Structures are given as structure tokens and as C-alpha cells.
file protein.csv (CSV, C-alpha atoms)
chain,number,residue,atom,x,y,z
A,13,MET,CA,0.0,0.0,0.0
A,14,LYS,CA,1.4,3.4,-0.9
A,15,GLY,CA,0.9,6.3,1.4
A,16,LYS,CA,2.5,9.1,3.2
A,17,ASN,CA,1.7,7.9,6.7
A,18,GLY,CA,1.6,4.5,8.3
A,19,VAL,CA,0.1,2.6,11.2
A,20,GLY,CA,0.9,-0.8,12.7
A,21,ILE,CA,0.0,-2.9,15.7
A,22,LEU,CA,2.5,-4.8,17.8
A,23,VAL,CA,1.3,-8.1,19.2
A,24,ASP,CA,2.9,-10.0,22.0
A,25,TRP,CA,4.6,-13.2,20.9
A,26,ASP,CA,2.3,-15.3,23.0
A,27,LEU,CA,-0.8,-13.8,21.3
A,28,ARG,CA,0.3,-14.3,17.7
A,29,GLU,CA,-1.7,-17.5,17.3
A,30,SER,CA,-4.8,-15.6,18.6
A,31,VAL,CA,-4.8,-13.2,15.6
A,32,VAL,CA,-7.6,-14.3,13.2
A,33,GLU,CA,-7.7,-11.2,10.9
A,34,VAL,CA,-5.6,-8.3,9.9
A,35,ARG,CA,-7.0,-5.4,7.8
A,36,TRP,CA,-5.1,-2.5,6.5
A,37,VAL,CA,-7.9,-0.1,5.8
A,38,SER,CA,-5.7,2.9,4.7
A,39,ASP,CA,-2.4,4.4,5.6
A,40,ARG,CA,-4.2,5.9,8.6
A,41,LEU,CA,-6.3,3.0,9.8
A,42,MET,CA,-5.6,-0.7,10.6
A,43,THR,CA,-7.4,-3.4,12.5
A,44,ILE,CA,-6.6,-6.8,13.9
A,45,LYS,CA,-9.0,-9.3,15.4
A,46,LEU,CA,-8.0,-11.7,18.1
A,47,VAL,CA,-9.8,-14.5,19.7
A,48,VAL,CA,-8.6,-15.0,23.3
A,49,TRP,CA,-10.4,-17.8,25.2
A,50,GLU,CA,-14.0,-17.1,24.3
A,51,CYS,CA,-13.6,-13.4,23.8
A,52,THR,CA,-13.2,-11.7,20.4
A,53,LEU,CA,-11.1,-8.5,20.5
A,54,ASN,CA,-10.9,-5.9,17.8
A,55,VAL,CA,-7.9,-3.6,18.0
A,56,VAL,CA,-7.9,-0.5,15.8
A,57,ASN,CA,-4.9,1.8,15.3
A,58,ALA,CA,-5.7,5.2,14.0
A,59,TYR,CA,-3.6,8.1,12.9
A,60,ALA,CA,-5.9,11.2,12.4
A,61,PRO,CA,-5.0,13.9,10.0
A,62,GLN,CA,-3.3,17.0,11.4
A,63,MET,CA,-5.2,20.3,11.8
A,64,GLY,CA,-3.9,21.9,8.7
A,65,LEU,CA,-4.7,19.2,6.2
A,66,ASP,CA,-7.5,19.3,3.7
A,67,GLU,CA,-11.0,18.7,4.9
A,68,GLU,CA,-11.5,15.9,2.4
A,69,VAL,CA,-8.6,13.9,4.0
A,70,LYS,CA,-10.2,14.4,7.4
A,71,ARG,CA,-13.7,13.4,6.2
A,72,ARG,CA,-12.3,10.2,4.6
A,73,PHE,CA,-10.5,9.3,7.9
A,74,TRP,CA,-13.6,9.7,10.0
A,75,GLU,CA,-15.7,7.8,7.5
A,76,GLY,CA,-13.2,5.0,7.5
A,77,LEU,CA,-13.1,4.8,11.3
A,78,ASP,CA,-17.0,4.9,11.3
A,79,GLU,CA,-17.1,2.0,8.9
A,80,ILE,CA,-14.7,0.0,11.0
A,81,VAL,CA,-16.7,0.5,14.2
A,82,CYS,CA,-20.0,-0.2,12.5
A,83,SER,CA,-18.7,-3.5,11.1
A,84,ILE,CA,-17.9,-4.9,14.5
A,85,PRO,CA,-20.6,-7.1,16.0
A,86,LEU,CA,-21.9,-5.9,19.4
A,87,ALA,CA,-20.9,-9.2,21.0
A,88,GLU,CA,-17.2,-8.4,20.3
A,89,ARG,CA,-14.9,-6.1,22.2
A,90,LEU,CA,-13.4,-2.9,20.6
A,91,PHE,CA,-10.2,-1.0,21.5
A,92,ILE,CA,-9.2,2.0,19.5
A,93,GLY,CA,-5.7,3.5,20.0
A,94,GLY,CA,-3.6,5.9,18.1
A,95,ASP,CA,-2.8,9.5,17.5
A,96,PHE,CA,-5.9,11.7,17.1
A,97,ASN,CA,-3.7,14.9,16.7
A,98,GLY,CA,-5.5,17.1,19.1
A,99,HIS,CA,-6.3,18.1,22.6
A,100,ILE,CA,-9.6,17.3,24.3
A,101,GLY,CA,-8.9,19.8,27.0
A,102,SER,CA,-9.3,19.7,30.8
A,103,THR,CA,-13.0,20.4,30.9
A,104,THR,CA,-15.7,18.0,30.0
A,105,ASP,CA,-18.1,20.6,28.6
A,106,GLY,CA,-21.0,18.4,27.6
A,107,TYR,CA,-18.9,15.3,27.1
A,108,GLY,CA,-19.0,13.9,30.6
A,109,GLU,CA,-20.0,10.5,29.4
A,110,VAL,CA,-16.8,10.1,27.3
A,111,HIS,CA,-14.4,12.5,28.9
A,112,GLY,CA,-13.1,11.8,32.4
A,113,GLY,CA,-11.7,15.3,33.0
A,114,PHE,CA,-8.1,14.2,33.9
A,115,VAL,CA,-6.4,16.0,31.1
A,116,PHE,CA,-4.6,19.4,30.7
A,117,GLY,CA,-4.9,22.4,28.4
A,118,VAL,CA,-7.6,23.7,26.2
A,119,ARG,CA,-9.7,21.7,23.7
A,120,ASN,CA,-8.8,22.5,20.1
A,121,GLU,CA,-11.1,22.4,17.1
A,122,GLY,CA,-10.0,19.0,15.8
A,123,CYS,CA,-10.9,17.1,19.0
A,124,THR,CA,-14.5,18.0,18.9
A,125,SER,CA,-14.7,15.3,16.1
A,126,LEU,CA,-13.0,12.8,18.5
A,127,LEU,CA,-15.4,13.6,21.3
A,128,ASP,CA,-18.5,13.5,19.1
A,129,PHE,CA,-17.3,10.1,17.6
A,130,ALA,CA,-16.8,8.7,21.1
A,131,GLU,CA,-20.2,9.9,22.2
A,132,VAL,CA,-22.0,8.5,19.1
A,133,PHE,CA,-20.5,5.0,19.6
A,134,GLU,CA,-20.7,5.1,23.4
A,135,LEU,CA,-16.9,4.9,23.8
A,136,VAL,CA,-14.8,6.4,26.5
A,137,ILE,CA,-11.5,8.2,26.1
A,138,VAL,CA,-9.7,6.1,28.7
A,139,ASN,CA,-6.6,8.2,29.2
A,140,SER,CA,-8.8,11.1,30.4
A,141,SER,CA,-10.4,8.8,33.1
A,142,PHE,CA,-7.5,8.7,35.6
A,143,PRO,CA,-5.2,11.3,37.2
A,144,LYS,CA,-1.6,11.5,36.2
A,145,ARG,CA,1.4,13.1,37.7
A,146,GLU,CA,1.9,16.7,36.5
A,147,GLU,CA,5.1,15.9,34.7
A,148,HIS,CA,3.3,13.2,32.7
A,149,LEU,CA,0.3,15.3,31.6
A,150,VAL,CA,1.9,16.6,28.4
A,151,THR,CA,2.3,13.0,27.1
A,152,PHE,CA,-1.4,12.4,27.5
call {"tool": "encode", "arguments": {"input": "protein.csv", "output": "C-alpha cells"}}
result
Amino acid sequence: MKGKNGVGILVDWDLRESVVEVRWVSDRLMTIKLVVWECTLNVVNAYAPQMGLDEEVKRRFWEGLDEIVCSIPLAERLFIGGDFNGHIGSTTDGYGEVHGGFVFGVRNEGCTSLLDFAEVFELVIVNSSFPKREEHLVTF
């Protein structure tokens, strides 16, 4: 696949036999499916477009992520990780169901899409759900 970006997912050696599917959706989206005991896990890696990029690139990214999430049966587990290139800010401001409030800074324009996406699919932004030491806040 040719592209400017690239995503990947590392899997522990002991779990390699549990991987039942790998899908490269685009240079910004990838999924793997694992069956561990009786649980099916879907892991998505996402690399969102940066703020200055064309709106069409952003639209395609969010549509691709939407398609991935919609394709996962409700009985299966979903984990989305990656770089969403933005700040959700320290205040929950109407997103209390998805935003835990343990973040620093001010929300930027691009992260409204992330918060809206999480809300629509009833997801939680986990790294905002627990306190961190002040010196570690910038990495979250």
C-alpha cells in the first residue's frame, strides 16, 4: 500500500496465534481481530489527519473509522488506539460520558470530532479517566 503515513499494531509473541484477521484499511487505519479464550477482541490503530490538512482527508479518515466500528458485532470487544492529533482539554463541557476530566490544556477544534465520535459510539477516552502526575500530563 502506498501512502504518506503508516500505522501498525504490535502483538505479544504469546498472542500471535490468537490473531484471526488483519486489515489495512488505509495508511491511517488498521485493525486486527484476536480470539482469546471465548472473547473476540478488535484492536484499531488510527492516525488522524493533522489540523492543517485538507477537509477531504479528514472526512475520509472519520468515515473510514466509522465503517470499521459499525462493522464490529456488538458481542465483540473494541479497543481504539492511536494519535488523534488534538487536545480534548481539561474540561468535560457536555462530554462527561466520554471525557473523564483528567487532562490538561484547552480543547482544540479537531478534538470535537473525536469527542463526538466517542459519544455516538458510546466509547470512553480512557486516558482522560484517571489522574496523572503533572510531569506526565503533556504525554497524554
call {"tool": "closest_residue", "arguments": {"input": "protein.csv", "among": "A:Ser83, A:Thr124, A:Ser140, A:Gln62", "to": "Asp95 in chain A", "atoms": "only C-alpha atoms"}}
result
A:Gln62
call {"tool": "atom_distance", "arguments": {"input": "protein.csv", "atom1": "CA of Ala87 in chain A", "atom2": "CA of Met42 in chain A"}}
result
20.4 Å
call {"tool": "residues_around", "arguments": {"input": "protein.csv", "residues": "Val32 in chain A", "least_positions_apart": "4", "cutoff": "9 Å", "atoms": "only C-alpha atoms", "output": "PyMOL selection string"}}
result
chain A and resi 44-47
call {"tool": "residues_near_point", "arguments": {"input": "protein.csv", "point": "(-8.2, 15.2, 9.3)", "cutoff": "10 Å", "atoms": "all atoms listed in the file", "output": "list in words"}}
result
Tyr59, Ala60, Pro61, Gln62, Met63, Gly64, Leu65, Asp66, Glu67, Glu68, Val69, Lys70, Arg71, Arg72, Phe73, Trp74, Phe96, Asn97, Gly122 and Ser125 of chain A
call {"tool": "atom_distance", "arguments": {"input": "protein.csv", "atom1": "CA of Tyr107 in chain A", "atom2": "CA of Thr43 in chain A"}}
result
26.4 Å
call {"tool": "closest_residue", "arguments": {"input": "protein.csv", "among": "A:Val31, A:Val48, A:Val19, A:Ile100", "to": "Asp128 in chain A", "atoms": "only C-alpha atoms"}}
result
A:Ile100
call {"tool": "atom_distance", "arguments": {"input": "protein.csv", "atom1": "CA of Arg40 in chain A", "atom2": "CA of Glu75 in chain A"}}
result
11.7 Å
call {"tool": "closest_residue", "arguments": {"input": "protein.csv", "among": "A:Gly113, A:Val56, A:Ile80, A:Asn120", "to": "Ile92 in chain A", "atoms": "all atoms listed in the file"}}
result
A:Val56
call {"tool": "residues_near_point", "arguments": {"input": "protein.csv", "point": "(-13.1, 10.9, 33.6)", "cutoff": "9 Å", "atoms": "all atoms listed in the file", "output": "compact mmCIF listing (two decimals) with C-alpha atoms, in the frame of the given file"}}
result
# COMPACT_ATOMS: atom_id res chain seq x y z
CA THR A 104 -15.70 18.00 30.00
CA GLY A 108 -19.00 13.90 30.60
CA GLU A 109 -20.00 10.50 29.40
CA VAL A 110 -16.80 10.10 27.30
CA HIS A 111 -14.40 12.50 28.90
CA GLY A 112 -13.10 11.80 32.40
CA GLY A 113 -11.70 15.30 33.00
CA PHE A 114 -8.10 14.20 33.90
CA VAL A 115 -6.40 16.00 31.10
CA VAL A 136 -14.80 6.40 26.50
CA ILE A 137 -11.50 8.20 26.10
CA VAL A 138 -9.70 6.10 28.70
CA ASN A 139 -6.60 8.20 29.20
CA SER A 140 -8.80 11.10 30.40
CA SER A 141 -10.40 8.80 33.10
CA PHE A 142 -7.50 8.70 35.60
CA PRO A 143 -5.20 11.30 37.20
call {"tool": "closest_residue", "arguments": {"input": "protein.csv", "among": "A:Leu27, A:Val118, A:Ala58, A:Val81", "to": "Asp39 in chain A", "atoms": "all atoms listed in the file"}}
result
A:Ala58
call {"tool": "residues_around", "arguments": {"input": "protein.csv", "residues": "Arg89 in chain A", "least_positions_apart": "5", "cutoff": "9 Å", "atoms": "all atoms listed in the file", "output": "PyMOL selection string"}}
result
chain A and resi 51-55+84
call {"tool": "decode", "arguments": {"input": "protein.csv", "residues": "range 37-81 of chain A", "atoms": "C-alpha atoms", "output": "PDB file, in the first residue's frame"}}
result
ATOM      1  CA  VAL A  37      -7.930  -0.056   5.757  1.00  0.00           C
ATOM      2  CA  SER A  38      -5.725   2.862   4.715  1.00  0.00           C
ATOM      3  CA  ASP A  39      -2.372   4.388   5.559  1.00  0.00           C
ATOM      4  CA  ARG A  40      -4.164   5.897   8.591  1.00  0.00           C
ATOM      5  CA  LEU A  41      -6.300   2.962   9.781  1.00  0.00           C
ATOM      6  CA  MET A  42      -5.558  -0.667  10.595  1.00  0.00           C
ATOM      7  CA  THR A  43      -7.404  -3.362  12.536  1.00  0.00           C
ATOM      8  CA  ILE A  44      -6.615  -6.757  13.943  1.00  0.00           C
ATOM      9  CA  LYS A  45      -9.023  -9.294  15.404  1.00  0.00           C
ATOM     10  CA  LEU A  46      -7.953 -11.705  18.101  1.00  0.00           C
ATOM     11  CA  VAL A  47      -9.833 -14.546  19.728  1.00  0.00           C
ATOM     12  CA  VAL A  48      -8.609 -15.023  23.287  1.00  0.00           C
ATOM     13  CA  TRP A  49     -10.381 -17.814  25.151  1.00  0.00           C
ATOM     14  CA  GLU A  50     -14.016 -17.101  24.286  1.00  0.00           C
ATOM     15  CA  CYS A  51     -13.619 -13.371  23.764  1.00  0.00           C
ATOM     16  CA  THR A  52     -13.200 -11.682  20.381  1.00  0.00           C
ATOM     17  CA  LEU A  53     -11.141  -8.501  20.548  1.00  0.00           C
ATOM     18  CA  ASN A  54     -10.926  -5.911  17.773  1.00  0.00           C
ATOM     19  CA  VAL A  55      -7.948  -3.575  18.016  1.00  0.00           C
ATOM     20  CA  VAL A  56      -7.876  -0.486  15.815  1.00  0.00           C
ATOM     21  CA  ASN A  57      -4.890   1.763  15.279  1.00  0.00           C
ATOM     22  CA  ALA A  58      -5.748   5.225  13.984  1.00  0.00           C
ATOM     23  CA  TYR A  59      -3.595   8.138  12.866  1.00  0.00           C
ATOM     24  CA  ALA A  60      -5.862  11.156  12.429  1.00  0.00           C
ATOM     25  CA  PRO A  61      -5.025  13.933   9.969  1.00  0.00           C
ATOM     26  CA  GLN A  62      -3.297  16.983  11.409  1.00  0.00           C
ATOM     27  CA  MET A  63      -5.154  20.276  11.837  1.00  0.00           C
ATOM     28  CA  GLY A  64      -3.859  21.943   8.656  1.00  0.00           C
ATOM     29  CA  LEU A  65      -4.725  19.151   6.238  1.00  0.00           C
ATOM     30  CA  ASP A  66      -7.492  19.264   3.652  1.00  0.00           C
ATOM     31  CA  GLU A  67     -11.047  18.706   4.926  1.00  0.00           C
ATOM     32  CA  GLU A  68     -11.497  15.869   2.415  1.00  0.00           C
ATOM     33  CA  VAL A  69      -8.627  13.938   4.032  1.00  0.00           C
ATOM     34  CA  LYS A  70     -10.242  14.424   7.444  1.00  0.00           C
ATOM     35  CA  ARG A  71     -13.665  13.378   6.157  1.00  0.00           C
ATOM     36  CA  ARG A  72     -12.253  10.172   4.634  1.00  0.00           C
ATOM     37  CA  PHE A  73     -10.455   9.340   7.894  1.00  0.00           C
ATOM     38  CA  TRP A  74     -13.596   9.723  10.049  1.00  0.00           C
ATOM     39  CA  GLU A  75     -15.737   7.844   7.521  1.00  0.00           C
ATOM     40  CA  GLY A  76     -13.209   5.001   7.477  1.00  0.00           C
ATOM     41  CA  LEU A  77     -13.147   4.805  11.270  1.00  0.00           C
ATOM     42  CA  ASP A  78     -16.954   4.934  11.322  1.00  0.00           C
ATOM     43  CA  GLU A  79     -17.132   1.998   8.872  1.00  0.00           C
ATOM     44  CA  ILE A  80     -14.719  -0.034  10.982  1.00  0.00           C
ATOM     45  CA  VAL A  81     -16.665   0.491  14.188  1.00  0.00           C
TER      46      VAL A  81
END
